[in-house]
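The structure file protein_22.cif is reproduced below (mmCIF, C-alpha atoms).
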data_target
#
loop_
_atom_site.label_atom_id
_atom_site.label_comp_id
_atom_site.auth_asym_id
_atom_site.auth_seq_id
_atom_site.Cartn_x
_atom_site.Cartn_y
_atom_site.Cartn_z
CA MET A 235 -83.01 31.74 38.87
CA LYS A 236 -83.53 34.44 36.27
CA PRO A 237 -81.16 33.88 33.36
CA ASP A 238 -78.49 36.46 32.83
CA PRO A 239 -79.43 38.30 29.60
CA PHE A 240 -75.74 38.64 28.76
CA ARG A 241 -75.01 34.94 29.10
CA ARG A 242 -74.09 33.67 25.68
CA PHE A 243 -73.60 29.94 26.03
CA VAL A 244 -75.99 27.23 27.13
CA ALA A 245 -75.57 23.57 28.05
CA LEU A 246 -77.68 20.86 26.37
CA HIS A 247 -78.42 17.58 28.10
CA HIS A 248 -80.58 15.51 25.72
CA HIS A 249 -78.99 13.83 22.70
CA ARG A 250 -80.06 11.48 19.92
CA CYS A 251 -78.56 10.28 16.62
CA SER A 252 -80.57 9.04 13.66
CA GLY A 253 -80.05 8.18 9.96
CA ASP A 254 -77.22 6.39 8.19
CA ALA A 255 -73.61 7.58 8.27
CA ALA A 256 -73.92 9.91 5.27
CA LYS A 257 -77.14 11.60 6.41
CA ARG A 258 -76.65 11.17 10.13
CA LEU A 259 -78.47 13.73 12.22
CA THR A 260 -77.27 14.33 15.77
CA VAL A 261 -79.65 16.40 17.85
CA SER A 262 -78.87 17.90 21.25
CA ALA A 263 -81.56 19.81 23.10
CA ASP A 264 -82.39 21.15 26.52
CA SER A 265 -85.66 19.20 26.66
CA PRO A 266 -86.98 15.92 25.17
CA ASP A 267 -89.92 17.76 23.56
CA LEU A 268 -87.68 20.19 21.74
CA LEU A 269 -85.44 17.34 20.64
CA ALA A 270 -88.36 15.53 19.02
CA LEU A 271 -89.67 18.74 17.42
CA ALA A 272 -86.27 19.63 15.98
CA GLU A 273 -85.81 16.17 14.53
CA ARG A 274 -89.17 16.37 12.80
CA LEU A 275 -88.65 19.92 11.48
CA ILE A 276 -85.22 19.15 10.05
CA ALA A 277 -86.46 16.00 8.35
CA ALA A 278 -89.19 18.04 6.64
CA SER A 279 -86.82 20.82 5.49
CA ALA A 280 -84.12 21.31 2.87
CA PHE A 281 -81.64 20.27 5.55
CA SER A 282 -82.76 16.67 5.17
CA THR A 283 -80.24 16.39 2.32
CA VAL A 284 -77.36 17.93 4.29
CA GLY A 285 -75.40 15.52 6.35
CA PRO A 286 -74.02 14.41 8.60
CA LEU A 287 -75.60 17.28 10.51
CA ASP A 288 -75.10 18.30 14.11
CA LEU A 289 -78.11 20.20 15.49
CA ARG A 290 -78.19 21.89 18.86
CA ILE A 291 -81.38 23.51 20.05
CA ALA A 292 -82.21 25.38 23.23
CA THR A 293 -85.39 27.04 24.45
CA GLU A 294 -85.27 30.81 24.16
CA TRP A 295 -86.13 32.61 27.38
CA ARG A 296 -89.28 34.61 27.52
CA GLU A 297 -87.42 37.84 28.24
CA ALA A 298 -85.89 37.87 24.76
CA PRO A 299 -87.04 40.83 22.66
CA ALA A 300 -88.65 39.99 19.33
CA GLN A 301 -86.43 40.82 16.36
CA GLU A 302 -87.37 41.72 12.83
CA HIS A 303 -86.49 39.06 10.27
CA ARG A 304 -82.78 39.51 9.62
CA LEU A 305 -80.14 37.34 7.99
CA VAL A 306 -76.41 37.97 8.50
CA ALA A 307 -73.72 35.85 6.86
CA CYS A 308 -70.06 35.69 7.87
CA GLY A 309 -68.36 33.33 5.40
CA PRO A 310 -69.56 29.79 6.11
CA LEU A 311 -71.43 30.95 9.22
CA ALA A 312 -74.81 32.66 9.03
CA VAL A 313 -77.50 33.61 11.50
CA LEU A 314 -81.17 34.25 10.97
CA CYS A 315 -82.94 36.26 13.66
CA TRP A 316 -86.68 35.98 13.52
CA GLY A 317 -89.02 36.99 16.32
CA GLN A 318 -87.52 35.43 19.43
CA THR A 319 -85.86 32.69 17.43
CA GLN A 320 -82.23 32.67 16.32
CA ILE A 321 -80.86 30.03 13.97
CA PHE A 322 -77.12 29.70 13.31
CA PHE A 323 -75.81 27.54 10.48
CA ASP A 324 -72.16 26.68 9.86
CA SER A 325 -71.87 25.11 6.41
CA GLU A 326 -68.25 23.95 6.84
CA ARG A 327 -68.90 22.23 10.14
CA CYS A 328 -72.43 21.11 9.19
CA GLU A 329 -73.78 22.53 12.42
CA VAL A 330 -77.11 24.14 13.21
CA MET A 331 -77.60 25.96 16.51
CA ILE A 332 -81.06 27.20 17.41
CA PHE A 333 -82.48 29.35 20.16
CA ALA A 334 -86.10 28.39 19.80
CA GLY A 335 -88.78 30.99 20.39
CA PRO A 336 -92.50 30.42 19.74
CA GLU A 337 -91.94 30.89 15.97
CA ILE A 338 -90.25 27.49 15.84
CA HIS A 339 -93.71 25.86 15.71
CA ASP A 340 -94.52 27.49 12.34
CA GLU A 341 -93.16 24.67 10.20
CA ALA A 342 -93.55 26.41 6.83
CA LEU A 343 -91.65 29.50 7.98
CA PHE A 344 -89.05 27.38 9.72
CA SER A 345 -88.42 25.44 6.55
CA GLU A 346 -88.13 28.69 4.59
CA ALA A 347 -85.68 30.03 7.18
CA LEU A 348 -83.43 27.01 6.82
CA SER A 349 -83.49 27.31 3.03
CA SER A 350 -82.37 30.94 3.25
CA LEU A 351 -79.49 29.92 5.53
CA LEU A 352 -78.36 27.29 3.02
CA GLN A 353 -78.46 29.91 0.30
CA ALA A 354 -76.62 32.55 2.38
CA THR A 355 -73.74 30.17 3.07
CA GLY A 356 -73.60 28.87 -0.51
CA THR A 357 -74.46 25.33 0.54
CA PRO A 358 -75.41 23.21 -2.50
CA MET B 169 -57.67 53.27 3.50
CA THR B 170 -57.54 51.04 0.42
CA ARG B 171 -60.00 49.62 -2.04
CA GLN B 172 -59.92 47.32 -5.05
CA LYS B 173 -62.59 47.86 -7.69
CA ASP B 174 -65.92 46.29 -6.60
CA GLU B 175 -64.36 45.32 -3.29
CA PRO B 176 -65.15 46.79 0.15
CA TRP B 177 -63.12 49.57 1.68
CA ARG B 178 -60.37 48.24 3.96
CA THR B 179 -58.14 49.47 6.74
CA ARG B 180 -56.39 48.16 9.83
CA ILE B 181 -57.38 49.40 13.26
CA SER B 182 -56.23 48.61 16.80
CA VAL B 183 -58.77 47.45 19.37
CA GLY B 184 -57.52 46.79 22.89
CA GLY B 185 -53.99 46.53 21.52
CA GLY B 186 -54.90 43.84 18.97
CA ALA B 187 -55.00 44.56 15.24
CA CYS B 188 -58.28 44.21 13.37
CA GLU B 189 -58.77 44.20 9.58
CA LEU B 190 -61.87 46.30 8.98
CA SER B 191 -63.77 46.05 5.69
CA THR B 192 -66.98 47.82 4.83
CA ASN B 193 -69.11 49.14 1.98
CA SER B 194 -69.18 52.55 3.73
CA ALA B 195 -66.27 54.91 3.11
CA ALA B 196 -67.73 57.23 5.77
CA LEU B 197 -67.59 54.53 8.44
CA LEU B 198 -64.04 53.63 7.47
CA SER B 199 -62.99 57.25 7.62
CA MET B 200 -64.56 57.66 11.07
CA LEU B 201 -62.76 54.64 12.53
CA GLN B 202 -59.49 55.19 10.68
CA GLU B 203 -56.52 55.26 13.04
CA THR B 204 -54.33 58.34 13.04
CA ILE B 205 -51.36 56.05 13.62
CA ALA B 206 -50.83 53.18 11.21
CA VAL B 207 -51.26 49.72 12.72
CA ASP B 208 -48.35 47.59 11.49
CA GLU B 209 -49.15 44.37 13.30
CA ASP B 210 -50.77 41.53 11.32
CA PRO B 211 -54.50 41.42 11.99
CA ARG B 212 -55.66 39.05 14.72
CA TRP B 213 -59.31 39.25 13.64
CA ASP B 214 -61.54 40.50 10.84
CA LEU B 215 -64.52 42.79 11.07
CA HIS B 216 -66.82 43.26 8.09
CA VAL B 217 -69.53 45.89 8.33
CA GLU B 218 -72.35 45.89 5.81
CA VAL B 219 -74.22 49.17 5.92
CA ASP B 220 -77.81 49.18 4.67
CA LEU B 221 -77.80 52.65 3.15
CA GLN B 222 -81.58 52.62 2.79
CA SER B 223 -82.29 51.93 6.46
CA ASP B 224 -82.71 54.63 9.10
CA SER B 225 -83.45 52.24 11.98
CA ALA B 226 -82.13 53.30 15.37
CA LEU B 227 -80.38 51.12 17.93
CA GLY B 228 -82.54 49.06 20.28
CA GLN B 229 -81.71 47.42 23.59
CA PRO B 230 -78.91 44.86 23.21
CA HIS B 231 -79.66 41.15 23.23
CA PHE B 232 -76.93 38.51 23.22
CA ARG B 233 -77.05 34.84 22.39
CA GLY B 234 -74.48 32.21 21.54
CA MET B 235 -73.96 28.53 21.16
CA GLY B 236 -70.74 26.73 20.34
CA HIS B 237 -68.44 29.01 18.38
CA ALA B 238 -71.21 31.34 17.18
CA ALA B 239 -72.72 34.32 18.96
CA THR B 240 -74.87 37.29 18.08
CA ALA B 241 -75.54 40.71 19.50
CA CYS B 242 -78.80 42.24 18.28
CA PHE B 243 -79.56 45.91 18.84
CA GLY B 244 -83.14 46.07 17.62
CA SER B 245 -83.49 46.82 13.91
CA GLY B 246 -80.45 49.10 13.94
CA ALA B 247 -77.68 46.52 14.16
CA THR B 248 -77.08 42.78 14.19
CA VAL B 249 -73.57 41.51 14.87
CA LEU B 250 -72.52 37.92 14.20
CA PHE B 251 -69.36 36.56 15.85
CA ASP B 252 -67.50 33.51 14.50
CA ILE B 253 -65.15 32.90 17.41
CA LEU B 254 -63.50 29.88 15.81
CA ARG B 255 -62.52 31.71 12.61
CA ARG B 256 -61.95 35.04 14.37
CA LYS B 257 -64.39 36.90 12.18
CA VAL B 258 -67.16 39.37 12.97
CA THR B 259 -69.84 40.57 10.57
CA ALA B 260 -72.18 43.44 11.39
CA ARG B 261 -75.26 44.53 9.46
CA VAL B 262 -76.22 48.03 10.44
CA SER B 263 -78.50 50.84 9.34
CA ALA B 264 -77.13 54.04 7.83
CA VAL B 265 -77.97 55.82 11.08
CA VAL B 266 -75.95 53.36 13.17
CA ALA B 267 -73.06 53.50 10.68
CA HIS B 268 -72.60 57.18 11.57
CA ASP B 269 -72.92 56.64 15.33
CA GLU B 270 -69.29 56.90 16.40
CA ARG B 271 -70.19 56.36 20.04
CA PHE B 272 -71.74 52.98 19.18
CA TRP B 273 -68.60 51.83 17.38
CA ARG B 274 -66.05 53.09 19.88
CA GLN B 275 -67.98 52.43 23.09
CA VAL B 276 -69.96 49.32 22.22
CA ALA B 277 -69.28 47.41 19.01
CA LEU B 278 -65.46 47.39 18.96
CA PRO B 279 -64.97 46.68 22.70
CA LEU B 280 -67.71 44.04 22.53
CA SER B 281 -66.03 42.34 19.57
CA ALA B 282 -62.66 42.42 21.31
CA GLY B 283 -64.30 40.90 24.37
CA VAL B 284 -66.11 38.09 22.55
CA LEU B 285 -63.11 37.19 20.37
CA GLY B 286 -60.55 37.85 23.11
CA ALA B 287 -59.80 34.24 24.00
CA ALA B 288 -59.45 33.25 20.34
CA VAL B 289 -57.10 36.08 19.40
CA GLY B 290 -54.95 36.14 22.54
CA VAL B 291 -55.99 39.62 23.64
CA MET B 292 -57.68 38.80 26.89
CA PRO B 293 -60.19 41.05 28.55
CA VAL B 294 -59.43 41.14 32.28
CA HIS B 295 -62.06 42.54 34.62
CA SER B 296 -59.95 45.30 36.11
CA ALA B 297 -59.17 48.98 35.81
CA CYS B 298 -55.66 49.89 34.69
CA LEU B 299 -53.66 52.96 35.77
CA CYS B 300 -50.06 53.70 34.87
CA VAL B 301 -46.96 55.37 36.20
CA GLY B 302 -44.91 55.75 33.04
CA ASP B 303 -45.02 52.40 31.24
CA ALA B 304 -45.72 50.48 34.47
CA GLY B 305 -49.34 49.47 34.72
CA VAL B 306 -51.32 48.62 37.84
CA LEU B 307 -54.37 46.44 37.28
CA VAL B 308 -57.04 47.23 39.88
CA ALA B 309 -59.53 44.38 40.19
CA GLY B 310 -62.54 43.95 42.40
CA VAL B 311 -66.03 42.58 42.30
CA SER B 312 -68.69 44.68 40.57
CA GLY B 313 -69.87 47.52 42.79
CA THR B 314 -66.62 47.75 44.76
CA GLY B 315 -65.82 51.14 43.30
CA LYS B 316 -63.10 50.33 40.74
CA SER B 317 -64.21 53.10 38.41
CA THR B 318 -64.43 55.68 41.18
CA LEU B 319 -61.00 54.69 42.49
CA ALA B 320 -59.57 54.69 38.94
CA LEU B 321 -60.73 58.25 38.38
CA ALA B 322 -59.44 59.34 41.79
CA LEU B 323 -56.04 57.73 41.02
CA SER B 324 -55.95 59.58 37.69
CA LEU B 325 -56.53 62.85 39.51
CA GLN B 326 -53.54 61.99 41.75
CA GLY B 327 -51.33 61.86 38.67
CA MET B 328 -51.52 58.28 37.41
CA GLU B 329 -52.30 57.94 33.73
CA PHE B 330 -55.70 56.48 32.93
CA LEU B 331 -55.98 53.42 30.71
CA SER B 332 -59.31 51.82 31.65
CA ASP B 333 -61.82 51.68 34.50
CA ASP B 334 -63.50 48.30 34.03
CA TRP B 335 -61.98 46.02 31.41
CA SER B 336 -58.31 45.91 30.43
CA TYR B 337 -57.05 43.89 27.45
CA CYS B 338 -53.96 41.82 28.22
CA ARG B 339 -51.70 40.02 25.79
CA LEU B 340 -48.38 38.22 26.13
CA THR B 341 -45.38 39.70 24.34
CA ARG B 342 -41.61 39.48 24.66
CA LYS B 343 -41.79 42.60 26.84
CA GLY B 344 -44.18 40.94 29.26
CA ILE B 345 -47.91 41.46 29.66
CA GLN B 346 -48.99 44.34 27.46
CA VAL B 347 -52.22 46.02 28.48
CA GLY B 348 -54.36 47.84 25.94
CA ALA B 349 -57.46 49.98 26.17
CA THR B 350 -60.43 50.33 23.88
CA GLY B 351 -61.10 53.96 24.76
CA VAL B 352 -64.38 53.14 26.45
CA ARG B 353 -65.83 55.90 28.59
CA VAL B 354 -65.74 55.83 32.38
CA LYS B 355 -69.06 54.81 33.88
CA LEU B 356 -69.99 56.16 37.32
CA LEU B 357 -73.26 55.88 39.18
CA PRO B 358 -75.05 59.17 40.03
CA GLU B 359 -73.91 59.10 43.69
CA ALA B 360 -70.30 59.57 42.48
CA ILE B 361 -71.15 63.26 42.22
CA GLU B 362 -70.41 63.41 45.98
CA HIS B 363 -66.74 62.84 45.18
CA PHE B 364 -66.33 64.62 41.85
CA ASP B 365 -67.92 68.08 41.66
CA ALA B 366 -67.33 68.36 37.90
CA LEU B 367 -69.92 65.63 37.31
CA ALA B 368 -72.58 68.24 38.12
CA ALA B 369 -72.10 69.53 34.57
CA LEU B 370 -73.17 66.14 33.13
CA THR B 371 -76.54 64.47 32.89
CA PRO B 372 -76.69 60.76 33.71
CA GLY B 373 -78.22 58.47 31.09
CA ILE B 374 -79.27 54.84 30.78
CA SER B 375 -76.21 52.67 30.17
CA MET B 376 -76.09 49.44 28.18
CA ASN B 377 -76.98 47.25 31.18
CA GLY B 378 -79.95 49.49 32.03
CA GLU B 379 -78.34 51.37 34.93
CA LEU B 380 -78.64 55.14 35.29
CA ALA B 381 -75.06 56.37 35.10
CA PHE B 382 -72.66 59.08 34.02
CA GLU B 383 -70.59 57.95 31.03
CA PHE B 384 -67.80 60.23 29.91
CA ASP B 385 -64.27 60.54 28.61
CA PRO B 386 -62.36 61.42 31.80
CA ALA B 387 -59.84 63.53 29.89
CA SER B 388 -62.62 65.78 28.59
CA ILE B 389 -64.01 66.58 32.06
CA PHE B 390 -61.02 66.29 34.40
CA PRO B 391 -57.30 67.09 34.20
CA VAL B 392 -56.57 63.44 33.45
CA ARG B 393 -54.05 61.98 31.01
CA ARG B 394 -55.15 58.92 29.05
CA ARG B 395 -52.81 56.20 27.91
CA SER B 396 -53.48 53.59 25.25
CA GLY B 397 -51.08 50.90 26.46
CA CYS B 398 -48.58 49.86 29.13
CA THR B 399 -46.76 46.88 30.63
CA ALA B 400 -48.56 45.28 33.59
CA ARG B 401 -46.43 45.45 36.72
CA MET B 402 -48.85 44.72 39.56
CA LEU B 403 -52.33 43.37 40.27
CA VAL B 404 -54.34 44.87 43.13
CA PHE B 405 -57.63 43.54 44.48
CA TYR B 406 -59.59 46.44 45.93
CA GLN B 407 -62.03 45.85 48.78
CA ARG B 408 -63.86 48.50 50.74
CA SER B 409 -64.10 47.87 54.46
CA ALA B 410 -66.50 49.38 56.97
CA SER B 411 -63.77 50.53 59.36
CA GLY B 412 -60.17 50.03 60.40
CA PRO B 413 -56.89 51.13 58.84
CA ALA B 414 -56.00 50.60 55.19
CA SER B 415 -54.08 47.40 54.65
CA PHE B 416 -52.15 45.64 51.91
CA THR B 417 -51.82 41.87 52.10
CA ALA B 418 -50.10 39.61 49.60
CA VAL B 419 -52.36 37.45 47.43
CA SER B 420 -51.12 34.12 46.08
CA SER B 421 -51.05 33.57 42.32
CA ALA B 422 -53.44 30.63 42.82
CA GLU B 423 -56.02 32.91 44.45
CA ALA B 424 -55.52 35.57 41.79
CA ARG B 425 -56.03 32.99 39.08
CA VAL B 426 -59.31 31.83 40.60
CA TYR B 427 -60.60 35.42 40.51
CA LEU B 428 -59.49 35.95 36.93
CA GLU B 429 -61.00 32.70 35.69
CA ASP B 430 -64.27 33.34 37.51
CA SER B 431 -64.66 36.68 35.74
CA VAL B 432 -64.48 35.28 32.19
CA GLU B 433 -67.05 33.48 30.06
CA ARG B 434 -67.10 29.69 29.99
CA LEU B 435 -65.90 28.48 26.58
CA PRO B 436 -67.48 25.56 24.70
CA GLU B 437 -65.41 22.49 23.87
CA GLU B 438 -64.83 23.41 20.21
CA LEU B 439 -62.86 26.42 21.39
CA GLU B 440 -60.26 24.31 23.20
CA ALA B 441 -57.32 26.13 21.55
CA ALA B 442 -58.78 29.48 22.63
CA ALA B 443 -59.28 28.17 26.16
CA GLN B 444 -55.62 27.12 26.33
CA LEU B 445 -54.45 30.48 25.01
CA ARG B 446 -56.63 32.27 27.54
CA ALA B 447 -55.31 30.09 30.37
CA ARG B 448 -51.73 31.06 29.44
CA VAL B 449 -52.51 34.78 29.52
CA LEU B 450 -54.50 34.58 32.74
CA SER B 451 -51.74 32.52 34.39
CA ALA B 452 -49.19 35.18 33.46
CA VAL B 453 -51.41 37.93 34.89
CA ALA B 454 -51.90 35.90 38.09
CA GLU B 455 -48.11 35.61 38.44
CA LEU B 456 -47.75 39.39 38.76
CA PRO B 457 -47.01 40.74 42.24
CA CYS B 458 -50.50 40.71 43.66
CA TRP B 459 -51.97 42.51 46.67
CA ARG B 460 -55.31 42.89 48.39
CA PHE B 461 -55.93 46.54 49.24
CA THR B 462 -58.58 46.97 51.93
CA SER B 463 -59.60 50.45 52.96
CA PRO B 464 -62.61 52.19 54.50
CA ALA B 465 -61.50 55.54 53.04
CA LEU B 466 -63.43 57.66 50.57
CA PRO B 467 -62.12 57.48 46.96
CA HIS B 468 -59.59 60.34 47.03
CA GLN B 469 -58.02 59.16 50.29
CA ALA B 470 -58.06 55.52 49.13
CA ALA B 471 -56.34 56.66 45.93
CA ARG B 472 -53.60 58.40 47.94
CA GLU B 473 -53.09 55.23 50.02
CA LEU B 474 -52.84 53.04 46.94
CA LEU B 475 -50.62 55.42 45.00
CA ASP B 476 -48.24 55.66 47.95
CA PHE B 477 -48.08 51.86 48.11
CA VAL B 478 -47.51 51.56 44.36
CA ARG B 479 -44.64 54.06 44.47
CA ARG B 480 -42.96 52.22 47.33
CA ALA B 481 -43.46 48.85 45.63
CA ASP B 482 -42.19 50.22 42.35
CA ALA B 483 -39.09 51.64 44.03
CA ALA B 484 -38.47 48.24 45.60
CA PHE B 485 -38.97 46.57 42.22
CA GLU B 486 -36.53 48.95 40.52
CA GLY B 487 -34.03 48.42 43.36
CA ALA B 488 -34.27 44.65 43.01
CA ALA B 489 -33.83 44.95 39.22
CA GLN B 490 -30.58 46.90 39.67
#

Would you mind writing the file's structure down as structure tokens?
Amino acid sequence: MKPDPFRRFVALHHHRCSGDAAKRLTVSADSPDLLALAERLIAASAFSTVGPLDLRIATEWREAPAQEHRLVACGPLAVLCWGQTQIFFDSERCEVMIFAGPEIHDEALFSEALSSLLQATGTP
Amino acid sequence: MTRQKDEPWRTRISVGGGACELSTNSAALLSMLQETIAVDEDPRWDLHVEVDLQSDSALGQPHFRGMGHAATACFGSGATVLFDILRRKVTARVSAVVAHDERFWRQVALPLSAGVLGAAVGVMPVHSACLCVGDAGVLVAGVSGTGKSTLALALSLQGMEFLSDDWSYCRLTRKGIQVGATGVRVKLLPEAIEHFDALAALTPGISMNGELAFEFDPASIFPVRRRSGCTARMLVFYQRSASGPASFTAVSSAEARVYLEDSVERLPEELEAAAQLRARVLSAVAELPCWRFTSPALPHQAARELLDFVRRADAAFEGAAQ
């Protein structure tokens, strides 16, 4: 079934927790592969010091148009749009929500993206 | 329009009957969206617009995504809108070109924001047209493609006041269910020209969902009176039939509620309070006198049939009230 381009919310069925209580990372994804990738990317980024962190990641659909790099902050919530990838970060709730396009595999840029989200939301 | 030194410009505007605190770095944008009538109600949500004065990027095709309490609407390089449904805040980053595009703000951005935040702020978008006789509003629902917009315009030409043709914004007050409009244009497919000659003066364009359609302010083309708000008195489900006489059959509140809940977005678990608020509003709408109107007639005749029924029902209602 072709996804509705106006549908805004997705369900995630794969979950895993790792780390101790203070740095606990909970990952929810729509596939085991993406779950493992997200875990690895977060561990290698500035987010490894933020915790406990709740990360939700879903595969972006191919129909998504590529966006220019753009960061928008709304108080403790910020979004970074980048190609077909969108990363939300809520600093108060310690939540990261990702729609993962092909750009997600560029680890250096992904790490940079997360750092800019921390900065935009004033997260120490 | 107020401003503290080094702070953004601020004003209060009404969107779908709910108050919004608008702040922006653009005095021109604020002036364009400024209400002619002061909005006294406390704001239900905040909208901050950051205009990139150096950017002349145009709007692109819309793209929506959301997870949990966060959602975005991206319109190419011209505009990115971030919705924080939990905190009832919206932030938009737009180009200077988009900042001056009044149609974008009035027809897209403000109604979209009211729709996304609706459940959280208690101003619920209901998938129905709304027409009024005085303050009494009739919500006309029906599945997409039924002809709600065509019927709404035909009803307006029969003398009902026009509030909306597709989405109506309902909120609970001491006076009952208040319905508000966002001033969105009527959207009709090109074949509607068969029923409304005046459409020949317009050129259809590509609408937001990619359809070729006429989009217009009905009061600027037709002798139609617009209304910005009313009290909901009746809910009508419109169905076109292939043949047979027009009929009106009572619809239970349970059935009405199923329709209303099916037409709204599923909410994630962190928005439980918003889901409960929405359920209260939708329950109240479903408790309105509710009828299924089935007719094979063309729009103007169907409008006469429905208007006649509404007048008789309204007279009965008034009689019962006395």

Interface list for chain A, partner chain B, 12 Å threshold, all atoms listed in the file, as a ChimeraX atom specification: /A:237-246,262-263,288-295,297-324,326-327,329-334

Selection file, C-alpha atoms, as a short mmCIF file (atom, residue, chain, number, x, y, z; two decimals), in the frame of the given file:
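Writing the result to out_18.cif gives the following:
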data_model
loop_
_atom_site.label_atom_id
_atom_site.label_comp_id
_atom_site.auth_asym_id
_atom_site.auth_seq_id
_atom_site.Cartn_x
_atom_site.Cartn_y
_atom_site.Cartn_z
CA PRO A 237 -81.16 33.88 33.36
CA ASP A 238 -78.49 36.46 32.83
CA PRO A 239 -79.43 38.30 29.60
CA PHE A 240 -75.74 38.64 28.76
CA ARG A 241 -75.01 34.94 29.10
CA ARG A 242 -74.09 33.67 25.68
CA PHE A 243 -73.60 29.94 26.03
CA VAL A 244 -75.99 27.23 27.13
CA ALA A 245 -75.57 23.57 28.05
CA LEU A 246 -77.68 20.86 26.37
CA SER A 262 -78.87 17.90 21.25
CA ALA A 263 -81.56 19.81 23.10
CA ASP A 288 -75.10 18.30 14.11
CA LEU A 289 -78.11 20.20 15.49
CA ARG A 290 -78.19 21.89 18.86
CA ILE A 291 -81.38 23.51 20.05
CA ALA A 292 -82.21 25.38 23.23
CA THR A 293 -85.39 27.04 24.45
CA GLU A 294 -85.27 30.81 24.16
CA TRP A 295 -86.13 32.61 27.38
CA GLU A 297 -87.42 37.84 28.24
CA ALA A 298 -85.89 37.87 24.76
CA PRO A 299 -87.04 40.83 22.66
CA ALA A 300 -88.65 39.99 19.33
CA GLN A 301 -86.43 40.82 16.36
CA GLU A 302 -87.37 41.72 12.83
CA HIS A 303 -86.49 39.06 10.27
CA ARG A 304 -82.78 39.51 9.62
CA LEU A 305 -80.14 37.34 7.99
CA VAL A 306 -76.41 37.97 8.50
CA ALA A 307 -73.72 35.85 6.86
CA CYS A 308 -70.06 35.69 7.87
CA GLY A 309 -68.36 33.33 5.40
CA PRO A 310 -69.56 29.79 6.11
CA LEU A 311 -71.43 30.95 9.22
CA ALA A 312 -74.81 32.66 9.03
CA VAL A 313 -77.50 33.61 11.50
CA LEU A 314 -81.17 34.25 10.97
CA CYS A 315 -82.94 36.26 13.66
CA TRP A 316 -86.68 35.98 13.52
CA GLY A 317 -89.02 36.99 16.32
CA GLN A 318 -87.52 35.43 19.43
CA THR A 319 -85.86 32.69 17.43
CA GLN A 320 -82.23 32.67 16.32
CA ILE A 321 -80.86 30.03 13.97
CA PHE A 322 -77.12 29.70 13.31
CA PHE A 323 -75.81 27.54 10.48
CA ASP A 324 -72.16 26.68 9.86
CA GLU A 326 -68.25 23.95 6.84
CA ARG A 327 -68.90 22.23 10.14
CA GLU A 329 -73.78 22.53 12.42
CA VAL A 330 -77.11 24.14 13.21
CA MET A 331 -77.60 25.96 16.51
CA ILE A 332 -81.06 27.20 17.41
CA PHE A 333 -82.48 29.35 20.16
CA ALA A 334 -86.10 28.39 19.80
#

Counting all atoms listed in the file, the residue of A:Leu268, A:Thr357, A:Arg274, A:Thr260 that sits nearest Ser325 of chain A: A:Thr357

Once 4 Å is added on each side, what are the centre and the three edge lengths, in Å to one decimal, of the axis-aligned box enclosing the listed atoms of segment 248-267 of chain A? Present them as JSON.
{"center_x": -81.8, "center_y": 13.8, "center_z": 16.0, "size_x": 24.3, "size_y": 22.8, "size_z": 29.4}

Target residues per the PyMOL selection byres ((chain B and resi 475) around 12), formatted as a PyMOL selection string: chain B and resi 299-301+305-306+308+319-320+322-329+404+461+467-474+476-482

One-decimal distance in Å that lies between atom CA of Ala226 of chain B and atom CA of Arg274 of chain B: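 Value for the atom CA of Arg274 of chain B-atom CA of Ala226 of chain B distance: 16.7 Å.
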
Output of the PyMOL selection byres ((chain A and resi 257) around 8), listed as a list in words: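 That expression, the PyMOL selection byres ((chain A and resi 257) around 8), corresponds here to Gly253, Asp254, Ala255, Ala256, Arg258, Leu259, Ser282, Thr283, Val284, Gly285, Pro286 and Leu287 of chain A.
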
Distance in Å - atom CA of Thr462 of chain B versus atom CA of Lys355 of chain B: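 Distance reported for this atom pair: 22.3 Å.
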